[in-house]
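A.B. asks: Sharing a structure, written as structure tokens. Questions coming.
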Amino acid sequence: MKLDWRGEVTDEELVDLTVSHGGSPRAGWWNEIRPHSFGWVTARTDDGLLVGFVNVVSDGGDHAFLLDTKTRGSYQRQGIATQVVALAREHARAAGHEWLHVDFDAHLRTFYFDACGFEPTDAGLIKLR
């Protein structure tokens with residue numbers, strides 16, 4: 001497994017990765033948001049297949065945010081997402097961020113709290129669409 005910070009990744013690869021775990025991708029998504037990213041982590045097999053990804057955005061100051069953590073369906077439960085998040089955390093820390101935030105669905109609590117070391121916190125959310 002090869003992990004890369006800001007590694008090359010195409011929109012087509014991210015669409016394929018999202019489909020692989022039952023998600024509903026939108027073609028063109030990555031090309032639109034990539035310019036706004038602080039960075040991202042890719043995980044690839046030795047033959048180059050994209051099997052993991054996370055996007056990191058920043059407020060330019062103390063806060064970084066994880067978005068779109070993904071693991072290829074046939075590669076889940078092998079620690080790939082944990083490694084991807086850990087590398088994102090390292091780069092956010094090295095850039096001087098004080099906090100790393102993540103939002104997630106309830107069924108991912110164990111992953112983010114136990115495997116990745118996030119702590120529960122109060123937060124607010126307004127649905128805009």
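By convention in this document, the chains of the structure tokens carry letters A, B, ... by their order, each chain's residues are numbered from 1, and ligands are numbered from 1 in the order they are shown.
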Could you give me, as a compact mmCIF listing (two decimals) with N, CA and C atoms, in the first residue's frame, the residues within 12 Å of Glu12 (chain A), counting only C-alpha atoms and dropping anything in the same chain fewer than 6 positions from it?

C.D. replies:
```txt
# COMPACT_ATOMS: atom_id res chain seq x y z
N THR A 18 -15.92 5.83 -5.35
CA THR A 18 -17.20 6.07 -4.69
C THR A 18 -18.22 4.99 -5.05
N VAL A 19 -18.30 4.63 -6.31
CA VAL A 19 -19.20 3.57 -6.75
C VAL A 19 -18.85 2.25 -6.07
N PRO A 25 -21.67 8.99 -6.78
CA PRO A 25 -20.76 10.07 -7.19
C PRO A 25 -21.41 11.02 -8.18
N ARG A 26 -20.81 12.18 -8.30
CA ARG A 26 -21.19 13.16 -9.32
C ARG A 26 -19.94 13.45 -10.14
N ALA A 27 -19.98 13.10 -11.40
CA ALA A 27 -18.83 13.35 -12.27
C ALA A 27 -18.50 14.84 -12.28
N GLY A 28 -17.22 15.15 -12.22
CA GLY A 28 -16.75 16.53 -12.22
C GLY A 28 -16.54 17.11 -10.84
N TRP A 29 -17.01 16.41 -9.81
CA TRP A 29 -16.92 16.89 -8.42
C TRP A 29 -15.48 17.22 -8.04
N TRP A 30 -14.57 16.31 -8.25
CA TRP A 30 -13.19 16.52 -7.81
C TRP A 30 -12.54 17.68 -8.55
N ASN A 31 -12.78 17.78 -9.83
CA ASN A 31 -12.20 18.88 -10.59
C ASN A 31 -12.69 20.23 -10.08
N LEU A 50 -6.56 2.98 -6.96
CA LEU A 50 -6.95 3.86 -5.85
C LEU A 50 -7.90 3.11 -4.93
```

A.B. asks: So which residues of region 1-128 of chain A fall under alpha helix (DSSP H) by DSSP, listed as a VMD selection string?

C.D. replies: chain A and resid 11 to 20 29 to 33 80 to 94 109

A.B. asks: Would you please work out which residue, of A:Ala92, A:Val15, A:Ala123, A:Met1, is nearest to Trp40 (chain A) when using only C-alpha atoms?

C.D. replies: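 The closest residue to Trp40 (chain A) is A:Ala92.
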
A.B. asks: What's around region 96-99 of chain A at 7 Å? Count only C-alpha atoms, leave out sequence neighbours fewer than 5 positions away in its own chain, and write the answer as a PyMOL selection string.

C.D. replies: chain A and resi 61-64

A.B. asks: Residues of region 27-124 of chain A classed as strand (DSSP E) by DSSP on the backbone are to be reported as a list in words.

C.D. replies: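 Written out, the strand (DSSP E) residues of region 27-124 of chain A are Gly39, Trp40, Val41, Thr42, Ala43, Arg44, Leu50, Val51, Gly52, Phe53, Val54, Asn55, Val56, Val57, Ser58, His63, Ala64, Phe65, Leu66, Leu67, Asp68, Thr69, Lys70, Thr71, Trp99, Leu100, His101 and Val102 of chain A.
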
A.B. asks: To one decimal place in Å, what is the distance between CA of Thr45 (chain A) and CA of Ile80 (chain A)?

C.D. replies: 10.6 Å
